[in-house]
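Shown next, in structure tokens, is the structure this report addresses.
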Number of protein chains: 2
Amino acid sequence: MTQEISERALRLLKTLVESYVREGQPVGSRMLARDSGLDLSPATIRNIMTDLEDRGIVASPHTSAGRIPTTKGYRLFVDALLTMRQPDQAEVMRLKSQFSLGADVEHLLGSASSMLSGITRMAGVVMAPRRELTVLRQIEFLPLSGDNRVLVIVVTNQYQVQNRIINTPRRYSESELQQVANYLNAAFAGKDLHAIRSVLLSEMDAARTTMNDMMQTAVTMAEKVFAAPADEAGYVVAGQTNLMDFAELSSVEKLRQLFDAFSQKRDMLHLLDQCLRAETVQVFIGAESGYKAFDECSIVAAPYEIDSQAVGVLAVVGPTRMAYDRVIPLVDVTAKLLGAALNQRQ
Amino acid sequence: MTQEISERALRLLKTLVESYVREGQPVGSRMLARDSGLDLSPATIRNIMTDLEDRGIVASPHTSAGRIPTTKGYRLFVDALLTMRQPDQAEVMRLKSQFSLGADVEHLLGSASSMLSGITRMAGVVMAPRRELTVLRQIEFLPLSGDNRVLVIVVTNQYQVQNRIINTPRRYSESELQQVANYLNAAFAGKDLHAIRSVLLSEMDAARTTMNDMMQTAVTMAEKVFAAPADEAGYVVAGQTNLMDFAELSSVEKLRQLFDAFSQKRDMLHLLDQCLRAETVQVFIGAESGYKAFDECSIVAAPYEIDSQAVGVLAVVGPTRMAYDRVIPLVDVTAKLLGAALNQRQ
DNA sequence: TCTGGCACTCTTGTGGTTAGAGTGCTAAGA
DNA sequence: TCTTAGCACTCTAACCACAAGAGTGCCAGA
């Protein structure tokens with residue numbers, strides 16, 4: 001029952017998936033007999049297919065159609081049967097050149113996203129670097145003329161700049177703020193924001209007793225700045241509309257769910273977040289992602305790194321019927337290129 | 001030939017548009033006879049409709065369907081026949097309360113956008129305040145440790161903060177930069193960015209001859225900051241997917257064009273830009289917008305103001321068959337509320 | 001100028017038919 | 001025991017015909 005799947009059954013599955021991905025049509029026994037190179041009659045192949053169907057690896061839309069892979073079938077294919085098609089050197093160079101050098105972080109994310117979507121003809125998604133994983137480079141305070149507000153400027157490792165306006169209990173002079181900034185820079189520059197937050201939490205108690213006024217102010221202000229409000233990192237989507245061209249998604253209802261998922265962001269972010277810890281390319285096939293909107297989609301995602309630390313994730317979203325052999329290496333290389341481009345901004 | 005349209009023809013048109021907007025079905029003569037309150041037989045009404053059809057005000061999809069308004073018909077309706085339905089006070093208050101007070105500009109734009117889409121069940125678009133129309137409040141320079149780059153922080157009237165990193169020919173000390181900032185603040189604070197740019201242009205020449213070193217530096221730097229790169233203001237879209245529910249847009253091809261237009265931004269921005277100069281609510285019906293993607297859509301747009309100066313535009317995009325009587329006042333009031341919320345941030 | 005009547009047109013939905021594709025099963029062959 | 005040929009069966013897709021329903025256009029009479 002839980003017997004091994006025979007070598008030739010796998011071979012047939014491979015041919016079937018490849019053909020289905022290419023043609024978009026259910027694959028019949030005749031075609032498999034011709035294309036698999038196995039020298040078996042269609043009848044034999046039908047027997048094997050019945051077996052694969054019993055195991056839930058392929059399915060037929062109706063009696064007189066051929067077979068198509070199920071989620072489980074794609075999974076098997078991706079895990080065991082896939083022969084990757086590395087993008088050729090020229091293509092990689094072309095991608096590389098599209099990351100315009102001087103550009104700021106936002107632009108780089110945007111480029112990566114539209115490159116992914118442009119080259120795969122599916123949707124590209126690039127999550128912004130997780131704020132709490134980036135490293136503080138510099139913090140400055142700017143008194144805003146007119147009231148008790150202070151503009152805080154946080155510069156993180158790749159010259160990403162973040163602003164926040166905080167309200168202060170009283171008015172601070174420029175030199176006071178300068179002192180505070182100096183203190184915080186000395187204490188925290190080079191640390192990642194996550195670490196800073198935990199240090200701050202433990203110092204909040206100490207502050208009242210052992211610290212001088214200035215340091216107390218510094219800690220309180222820093223707390224306001226770094227107490228990220230559950231910091232929902234954003235992401236950039238490109239080529240959403242490419243998904244409209246796929247027959248399997250052409251029901252308006254499905255598309256709507258999908259686009260809603262993109263704009264709600266929550267589920268998508270949750271999914272991408274899982275890949276942050278993953279080090280390598282991840283593939284979610286169909287319902288594997290666990291979100292209804294992505295039921296008929298596959299997501300190929302890879303983390304990208306700044307200073308050898310995975311800080312964000314980029315992905316391609318398309319129909320389950322996608323050319324995994326081409327897309328997976330492409331996502332991989334794009335992640336590396338994006339990382340390289342970000343690091344070059346040092 | 002170019003005779004006036006009779007009173008009762010207009011009355012019928014009004015009934016027709018209202019019915020069509022409500023039901024989404026072509027309107028026949030029987031229904032008009034019943035609902036118009038004119039006490040005419042269907043046959044008479046048919047005569048009148050033939051007349052309106054000759055004038056291009058209504059059309060019939062095919063012989064045995066009723067009539068639907070053409071673009072010209074909607075235009076006539078909106079310009080001359082529309083009785084506005086002001087949103088009731090409770091609804092306005094509810095909207096008002098949704099602009100969370102402390103929020104930053106981005107959030108306010110986002111709220112406005114989703115309010116528009118939520119309440120109209122169509123797509124909401126809010127253009128960000130045009131950078132060159134906002135007023136400079138404060139400018140500061142921050143030397144970035146390590147190289148010749150300088151972070152420039154520009155605070156404009158509603159505490160919108162913009163960052164830009166510029167490369168400088170040599171390294172400047174903090175006090176030098178402070179001097180430069182002081183000079184620029186004194187010279188330019190309170191002016192709008194557009195004015196600043198023109199002053200800068202004329203001073204570039206003078207700089208070489210009459211100014212001291214510091215002022216020269218200041219002007220050159222400011223030039224780098226304010227030489228906006230054709231400043232493509234952004235916008236926020238919400239509820240795109242609502243548009244999928246409308247029967248007249250349910251062809252995937254149409255939807256694709258529409259969504260592409262949203263993400264390309266160019267055409268949409270161009271359209272919104274026209275409304276910036278308009279002072280009042282603008283309605284583009286169907287092909288009037290001049291962009292193919294919006295052929296079957298209407299756009300109701302209104303500018304919003306900061307410090308009594310129109311700086312941005314918000315809009316609702318939906319099918320031509322929309323409840324203009326409800327949407328127009330709603331867009332109007334939302335623009336005013338957004339302006340108020342932005343001004344409150346002073 | 002308005003209206004009733006009537007023929008005409010066009011859409012929509014239904015049922016029936018056919019061709020094509022591909023399967024499942026059975027029985028025979030290696 | 002595995003493979004294969006043959007055949008009946010099922011399901012889809014496309015096409016046609018037909019009828020019902022809606023609404024028009026036009027004509028003749030009030």
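Chain labels A, B, ... are given in the sequence in which chains occur in the structure tokens; within each chain residues are numbered consecutively from 1, and ligands are likewise numbered from 1 in the order shown.
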Write out as JSON, numbers by chain every residue belonging to chain B that has an atom at most 12 Å from any atom of chain C, counting only C-alpha atoms (C1' of nucleotides).
{"B": [39, 40, 41, 42, 43, 44, 45, 46, 47, 48, 60, 61, 62, 63, 64, 65, 66]}
DSSP strand (DSSP E) residues within region 110-284 of chain B, as a PDB file with N, CA and C atoms, in the first residue's frame:
```
ATOM      1  N   ALA B 123     -13.536  52.166  -6.306  1.00  0.00           N
ATOM      2  CA  ALA B 123     -12.127  52.368  -5.978  1.00  0.00           C
ATOM      3  C   ALA B 123     -11.881  53.806  -5.525  1.00  0.00           C
ATOM      4  N   GLY B 124     -11.113  53.973  -4.470  1.00  0.00           N
ATOM      5  CA  GLY B 124     -10.743  55.296  -3.980  1.00  0.00           C
ATOM      6  C   GLY B 124      -9.293  55.589  -4.320  1.00  0.00           C
ATOM      7  N   VAL B 125      -9.040  56.814  -4.747  1.00  0.00           N
ATOM      8  CA  VAL B 125      -7.681  57.212  -5.100  1.00  0.00           C
ATOM      9  C   VAL B 125      -7.369  58.524  -4.399  1.00  0.00           C
ATOM     10  N   VAL B 126      -6.244  58.596  -3.734  1.00  0.00           N
ATOM     11  CA  VAL B 126      -5.846  59.858  -3.118  1.00  0.00           C
ATOM     12  C   VAL B 126      -4.419  60.183  -3.518  1.00  0.00           C
ATOM     13  N   MET B 127      -4.286  61.295  -4.198  1.00  0.00           N
ATOM     14  CA  MET B 127      -2.967  61.738  -4.615  1.00  0.00           C
ATOM     15  C   MET B 127      -2.279  62.418  -3.439  1.00  0.00           C
ATOM     16  N   LEU B 136       7.865  75.194   2.540  1.00  0.00           N
ATOM     17  CA  LEU B 136       9.018  74.772   3.340  1.00  0.00           C
ATOM     18  C   LEU B 136       8.905  75.318   4.755  1.00  0.00           C
ATOM     19  N   ARG B 137       9.086  74.407   5.708  1.00  0.00           N
ATOM     20  CA  ARG B 137       9.051  74.846   7.098  1.00  0.00           C
ATOM     21  C   ARG B 137      10.470  74.906   7.637  1.00  0.00           C
ATOM     22  N   GLN B 138      11.226  73.916   7.292  1.00  0.00           N
ATOM     23  CA  GLN B 138      12.543  73.792   7.896  1.00  0.00           C
ATOM     24  C   GLN B 138      13.398  72.860   7.050  1.00  0.00           C
ATOM     25  N   ILE B 139      14.668  73.184   6.960  1.00  0.00           N
ATOM     26  CA  ILE B 139      15.577  72.273   6.256  1.00  0.00           C
ATOM     27  C   ILE B 139      16.797  72.039   7.131  1.00  0.00           C
ATOM     28  N   GLU B 140      17.262  70.807   7.179  1.00  0.00           N
ATOM     29  CA  GLU B 140      18.430  70.502   8.005  1.00  0.00           C
ATOM     30  C   GLU B 140      19.367  69.579   7.254  1.00  0.00           C
ATOM     31  N   PHE B 141      20.649  69.670   7.582  1.00  0.00           N
ATOM     32  CA  PHE B 141      21.651  68.805   6.961  1.00  0.00           C
ATOM     33  C   PHE B 141      22.299  67.955   8.029  1.00  0.00           C
ATOM     34  N   LEU B 142      22.532  66.711   7.670  1.00  0.00           N
ATOM     35  CA  LEU B 142      23.116  65.792   8.621  1.00  0.00           C
ATOM     36  C   LEU B 142      24.277  65.100   7.919  1.00  0.00           C
ATOM     37  N   PRO B 143      25.510  65.342   8.371  1.00  0.00           N
ATOM     38  CA  PRO B 143      26.630  64.658   7.728  1.00  0.00           C
ATOM     39  C   PRO B 143      26.554  63.173   8.060  1.00  0.00           C
ATOM     40  N   ARG B 149      28.775  62.017   1.924  1.00  0.00           N
ATOM     41  CA  ARG B 149      27.342  62.150   1.719  1.00  0.00           C
ATOM     42  C   ARG B 149      26.701  62.952   2.831  1.00  0.00           C
ATOM     43  N   VAL B 150      25.667  63.632   2.450  1.00  0.00           N
ATOM     44  CA  VAL B 150      24.935  64.425   3.418  1.00  0.00           C
ATOM     45  C   VAL B 150      23.461  64.052   3.329  1.00  0.00           C
ATOM     46  N   LEU B 151      22.860  63.829   4.474  1.00  0.00           N
ATOM     47  CA  LEU B 151      21.430  63.571   4.506  1.00  0.00           C
ATOM     48  C   LEU B 151      20.703  64.891   4.670  1.00  0.00           C
ATOM     49  N   VAL B 152      19.808  65.172   3.757  1.00  0.00           N
ATOM     50  CA  VAL B 152      19.059  66.416   3.834  1.00  0.00           C
ATOM     51  C   VAL B 152      17.646  66.105   4.298  1.00  0.00           C
ATOM     52  N   ILE B 153      17.198  66.825   5.302  1.00  0.00           N
ATOM     53  CA  ILE B 153      15.839  66.614   5.789  1.00  0.00           C
ATOM     54  C   ILE B 153      15.025  67.863   5.506  1.00  0.00           C
ATOM     55  N   VAL B 154      13.938  67.669   4.793  1.00  0.00           N
ATOM     56  CA  VAL B 154      13.085  68.795   4.443  1.00  0.00           C
ATOM     57  C   VAL B 154      11.743  68.622   5.145  1.00  0.00           C
ATOM     58  N   VAL B 155      11.398  69.567   5.992  1.00  0.00           N
ATOM     59  CA  VAL B 155      10.101  69.511   6.657  1.00  0.00           C
ATOM     60  C   VAL B 155       9.192  70.538   5.998  1.00  0.00           C
ATOM     61  N   THR B 156       8.050  70.080   5.499  1.00  0.00           N
ATOM     62  CA  THR B 156       7.141  71.018   4.850  1.00  0.00           C
ATOM     63  C   THR B 156       5.930  71.286   5.726  1.00  0.00           C
ATOM     64  N   VAL B 161       7.722  65.009   6.197  1.00  0.00           N
ATOM     65  CA  VAL B 161       9.168  64.995   6.218  1.00  0.00           C
ATOM     66  C   VAL B 161       9.679  64.263   4.994  1.00  0.00           C
ATOM     67  N   GLN B 162      10.629  64.855   4.319  1.00  0.00           N
ATOM     68  CA  GLN B 162      11.215  64.191   3.164  1.00  0.00           C
ATOM     69  C   GLN B 162      12.718  64.107   3.338  1.00  0.00           C
ATOM     70  N   ASN B 163      13.248  62.965   2.961  1.00  0.00           N
ATOM     71  CA  ASN B 163      14.695  62.787   3.072  1.00  0.00           C
ATOM     72  C   ASN B 163      15.311  62.740   1.701  1.00  0.00           C
ATOM     73  N   ARG B 164      16.510  63.195   1.622  1.00  0.00           N
ATOM     74  CA  ARG B 164      17.263  62.973   0.396  1.00  0.00           C
ATOM     75  C   ARG B 164      18.737  62.904   0.762  1.00  0.00           C
ATOM     76  N   ILE B 165      19.429  61.973   0.168  1.00  0.00           N
ATOM     77  CA  ILE B 165      20.868  61.889   0.402  1.00  0.00           C
ATOM     78  C   ILE B 165      21.561  62.498  -0.813  1.00  0.00           C
ATOM     79  N   ILE B 166      22.448  63.447  -0.587  1.00  0.00           N
ATOM     80  CA  ILE B 166      23.166  64.032  -1.724  1.00  0.00           C
ATOM     81  C   ILE B 166      24.663  63.812  -1.547  1.00  0.00           C
ATOM     82  N   ASN B 167      25.337  63.714  -2.670  1.00  0.00           N
ATOM     83  CA  ASN B 167      26.786  63.610  -2.639  1.00  0.00           C
ATOM     84  C   ASN B 167      27.371  65.008  -2.739  1.00  0.00           C
ATOM     85  N   TYR B 235       0.318  58.200  -5.378  1.00  0.00           N
ATOM     86  CA  TYR B 235      -1.032  58.189  -4.854  1.00  0.00           C
ATOM     87  C   TYR B 235      -1.355  56.851  -4.209  1.00  0.00           C
ATOM     88  N   VAL B 236      -2.406  56.851  -3.459  1.00  0.00           N
ATOM     89  CA  VAL B 236      -2.817  55.640  -2.759  1.00  0.00           C
ATOM     90  C   VAL B 236      -4.138  55.175  -3.349  1.00  0.00           C
ATOM     91  N   VAL B 237      -4.204  53.920  -3.706  1.00  0.00           N
ATOM     92  CA  VAL B 237      -5.449  53.359  -4.225  1.00  0.00           C
ATOM     93  C   VAL B 237      -6.011  52.391  -3.195  1.00  0.00           C
ATOM     94  N   ALA B 238      -7.297  52.421  -2.999  1.00  0.00           N
ATOM     95  CA  ALA B 238      -7.925  51.421  -2.132  1.00  0.00           C
ATOM     96  C   ALA B 238      -9.150  50.864  -2.824  1.00  0.00           C
ATOM     97  N   GLN B 282     -14.900  67.536  -9.999  1.00  0.00           N
ATOM     98  CA  GLN B 282     -14.888  67.293 -11.432  1.00  0.00           C
ATOM     99  C   GLN B 282     -15.421  65.899 -11.708  1.00  0.00           C
ATOM    100  N   VAL B 283     -16.157  65.758 -12.784  1.00  0.00           N
ATOM    101  CA  VAL B 283     -16.625  64.434 -13.167  1.00  0.00           C
ATOM    102  C   VAL B 283     -16.178  64.132 -14.590  1.00  0.00           C
ATOM    103  N   PHE B 284     -15.462  63.033 -14.744  1.00  0.00           N
ATOM    104  CA  PHE B 284     -15.121  62.551 -16.083  1.00  0.00           C
ATOM    105  C   PHE B 284     -15.972  61.330 -16.365  1.00  0.00           C
TER     106      PHE B 284
END
```
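Proximity ranking of B:Ser173, B:Gln98, B:Ser19, B:Asn185 relative to chain A places B:Asn185 first, based on only C-alpha atoms.
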Could you find all residues in region 63-157 of chain B that DSSP calls helix (DSSP H, G or I) from the backbone, and write them as number ranges by chain?
B: 71-81, 89-98, 105-120, 131-133
Take the residues from that selection and write them out as a compact mmCIF listing (two decimals), in the first residue's frame, keeping N, CA and C atoms.
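The result, written out as again12.txt:
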```txt
# COMPACT_ATOMS: atom_id res chain seq x y z
N THR B 71 -22.54 58.30 -22.99
CA THR B 71 -21.71 59.26 -22.27
C THR B 71 -22.37 60.64 -22.28
N LYS B 72 -22.83 61.01 -23.47
CA LYS B 72 -23.48 62.32 -23.63
C LYS B 72 -24.71 62.42 -22.73
N GLY B 73 -25.43 61.30 -22.62
CA GLY B 73 -26.61 61.27 -21.78
C GLY B 73 -26.27 61.47 -20.31
N TYR B 74 -25.25 60.76 -19.86
CA TYR B 74 -24.83 60.93 -18.47
C TYR B 74 -24.39 62.37 -18.24
N ARG B 75 -23.67 62.90 -19.21
CA ARG B 75 -23.16 64.27 -19.07
C ARG B 75 -24.31 65.25 -18.87
N LEU B 76 -25.32 65.12 -19.73
CA LEU B 76 -26.50 65.96 -19.61
C LEU B 76 -27.15 65.79 -18.24
N PHE B 77 -27.26 64.55 -17.85
CA PHE B 77 -27.87 64.23 -16.56
C PHE B 77 -27.11 64.90 -15.42
N VAL B 78 -25.78 64.71 -15.43
CA VAL B 78 -24.96 65.25 -14.34
C VAL B 78 -25.00 66.78 -14.34
N ASP B 79 -24.94 67.37 -15.53
CA ASP B 79 -24.88 68.83 -15.60
C ASP B 79 -26.21 69.50 -15.28
N ALA B 80 -27.29 68.87 -15.70
CA ALA B 80 -28.55 69.62 -15.65
C ALA B 80 -29.65 68.97 -14.82
N LEU B 81 -29.59 67.68 -14.62
CA LEU B 81 -30.76 67.02 -14.06
C LEU B 81 -30.55 66.47 -12.66
N GLN B 89 -25.89 63.95 8.32
CA GLN B 89 -24.93 64.46 9.29
C GLN B 89 -24.21 63.34 10.03
N ALA B 90 -24.97 62.31 10.37
CA ALA B 90 -24.38 61.21 11.12
C ALA B 90 -23.25 60.56 10.33
N GLU B 91 -23.50 60.42 9.05
CA GLU B 91 -22.49 59.78 8.21
C GLU B 91 -21.23 60.64 8.13
N VAL B 92 -21.43 61.93 7.99
CA VAL B 92 -20.28 62.83 7.94
C VAL B 92 -19.47 62.72 9.23
N MET B 93 -20.17 62.70 10.35
CA MET B 93 -19.46 62.59 11.62
C MET B 93 -18.66 61.29 11.70
N ARG B 94 -19.27 60.25 11.19
CA ARG B 94 -18.60 58.95 11.23
C ARG B 94 -17.32 58.99 10.39
N LEU B 95 -17.43 59.61 9.23
CA LEU B 95 -16.24 59.76 8.39
C LEU B 95 -15.17 60.55 9.12
N LYS B 96 -15.61 61.65 9.68
CA LYS B 96 -14.69 62.55 10.35
C LYS B 96 -13.90 61.80 11.42
N SER B 97 -14.63 60.98 12.16
CA SER B 97 -13.99 60.31 13.29
C SER B 97 -12.96 59.29 12.81
N GLN B 98 -13.07 58.90 11.55
CA GLN B 98 -12.14 57.89 11.08
C GLN B 98 -10.77 58.45 10.73
N VAL B 105 0.91 62.00 7.68
CA VAL B 105 0.28 62.29 6.41
C VAL B 105 -0.05 61.01 5.63
N GLU B 106 0.90 60.12 5.55
CA GLU B 106 0.68 58.87 4.82
C GLU B 106 -0.59 58.17 5.29
N HIS B 107 -0.72 58.10 6.60
CA HIS B 107 -1.88 57.40 7.15
C HIS B 107 -3.17 58.12 6.81
N LEU B 108 -3.13 59.43 6.87
CA LEU B 108 -4.34 60.18 6.54
C LEU B 108 -4.75 59.92 5.10
N LEU B 109 -3.78 59.93 4.20
CA LEU B 109 -4.11 59.67 2.80
C LEU B 109 -4.70 58.27 2.66
N GLY B 110 -4.08 57.32 3.36
CA GLY B 110 -4.59 55.96 3.32
C GLY B 110 -6.01 55.88 3.83
N SER B 111 -6.29 56.53 4.96
CA SER B 111 -7.64 56.49 5.51
C SER B 111 -8.63 57.06 4.52
N ALA B 112 -8.30 58.22 3.97
CA ALA B 112 -9.21 58.86 3.02
C ALA B 112 -9.52 57.91 1.88
N SER B 113 -8.48 57.28 1.39
CA SER B 113 -8.65 56.39 0.26
C SER B 113 -9.57 55.22 0.62
N SER B 114 -9.35 54.60 1.76
CA SER B 114 -10.19 53.44 2.06
C SER B 114 -11.58 53.87 2.50
N MET B 115 -11.70 55.07 3.04
CA MET B 115 -13.04 55.56 3.33
C MET B 115 -13.84 55.71 2.04
N LEU B 116 -13.21 56.36 1.07
CA LEU B 116 -13.89 56.55 -0.21
C LEU B 116 -14.31 55.22 -0.81
N SER B 117 -13.40 54.27 -0.80
CA SER B 117 -13.75 53.00 -1.44
C SER B 117 -14.75 52.23 -0.61
N GLY B 118 -14.59 52.33 0.71
CA GLY B 118 -15.50 51.58 1.57
C GLY B 118 -16.94 52.03 1.43
N ILE B 119 -17.13 53.31 1.39
CA ILE B 119 -18.49 53.83 1.43
C ILE B 119 -19.15 53.82 0.06
N THR B 120 -18.35 53.93 -0.99
CA THR B 120 -18.94 53.91 -2.33
C THR B 120 -18.91 52.52 -2.95
N ARG B 131 4.48 67.97 -4.09
CA ARG B 131 5.63 68.44 -3.35
C ARG B 131 5.90 69.92 -3.63
N GLU B 132 5.83 70.30 -4.88
CA GLU B 132 6.23 71.66 -5.20
C GLU B 132 5.20 72.71 -4.77
N LEU B 133 4.04 72.23 -4.29
CA LEU B 133 3.04 73.19 -3.83
C LEU B 133 3.07 73.35 -2.31
```
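Interatomic distance, CA of Arg277 (chain B) against CA of Pro303 (chain B): 8.1 Å.
Every residue of chain D that lies within 10 Å of chain B is listed here, counting only C-alpha atoms (C1' of nucleotides): DA22, DG23, DT24 and DG25 of chain D.
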Saved selection, atoms kept: C-alpha atoms (C1' of nucleotides), as a short mmCIF file (atom, residue, chain, number, x, y, z; two decimals), in the first residue's frame:
```cif
data_model
loop_
_atom_site.label_atom_id
_atom_site.label_comp_id
_atom_site.auth_asym_id
_atom_site.auth_seq_id
_atom_site.Cartn_x
_atom_site.Cartn_y
_atom_site.Cartn_z
"C1'" DA D 22 -38.95 41.66 -24.14
"C1'" DG D 23 -39.18 45.73 -26.58
"C1'" DT D 24 -39.00 48.14 -30.59
"C1'" DG D 25 -40.80 50.55 -35.10
#
```
Residues of chain B that approach chain A to 7 Å or less, counting only C-alpha atoms: could you list each one with the shortest pair of atoms and its distance in Å to one decimal, rows by chain and increasing residue number, as JSON lines?
```
{"residue": "B:Thr241", "atom": "CA", "partner": "A:Arg256", "partner_atom": "CA", "distance": 5.9}
{"residue": "B:Met244", "atom": "CA", "partner": "A:Val252", "partner_atom": "CA", "distance": 6.8}
{"residue": "B:Val252", "atom": "CA", "partner": "A:Met244", "partner_atom": "CA", "distance": 6.9}
{"residue": "B:Arg256", "atom": "CA", "partner": "A:Thr241", "partner_atom": "CA", "distance": 5.9}
{"residue": "B:Phe259", "atom": "CA", "partner": "A:Thr241", "partner_atom": "CA", "distance": 6.8}
{"residue": "B:Asp260", "atom": "CA", "partner": "A:Thr241", "partner_atom": "CA", "distance": 6.7}
```
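Going from CA of Val313 (chain A) over to CA of Thr134 (chain A), you cover 13.7 Å.
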Would you mind listing what lies within 10 Å of Glu176 (chain B) as a VMD selection string, with only C-alpha atoms (C1' of nucleotides) counted and same-chain residues fewer than 3 positions away left out?
chain B and resid 141 171 to 173 179 to 182 214 217 to 218
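Proximity of B:Asp325, B:Asp192, B:Glu305, B:Asp35 to Ala341 (chain B), computed with only C-alpha atoms, is greatest for B:Glu305.
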Name the residues in contact with Arg321 (chain A) at a cut-off of 9 Å, using only C-alpha atoms (C1' of nucleotides), excluding same-chain residues fewer than 3 positions from it; report them as number ranges by chain.
A: 17, 20-22, 24, 69, 74, 248, 296-298, 318, 324
Write out as a ChimeraX atom specification the residues lying within 9 Å of Leu52 (chain B), counting only C-alpha atoms (C1' of nucleotides) and excluding same-chain residues fewer than 3 positions away.
/B:5,9,13,47-49,55-59,73
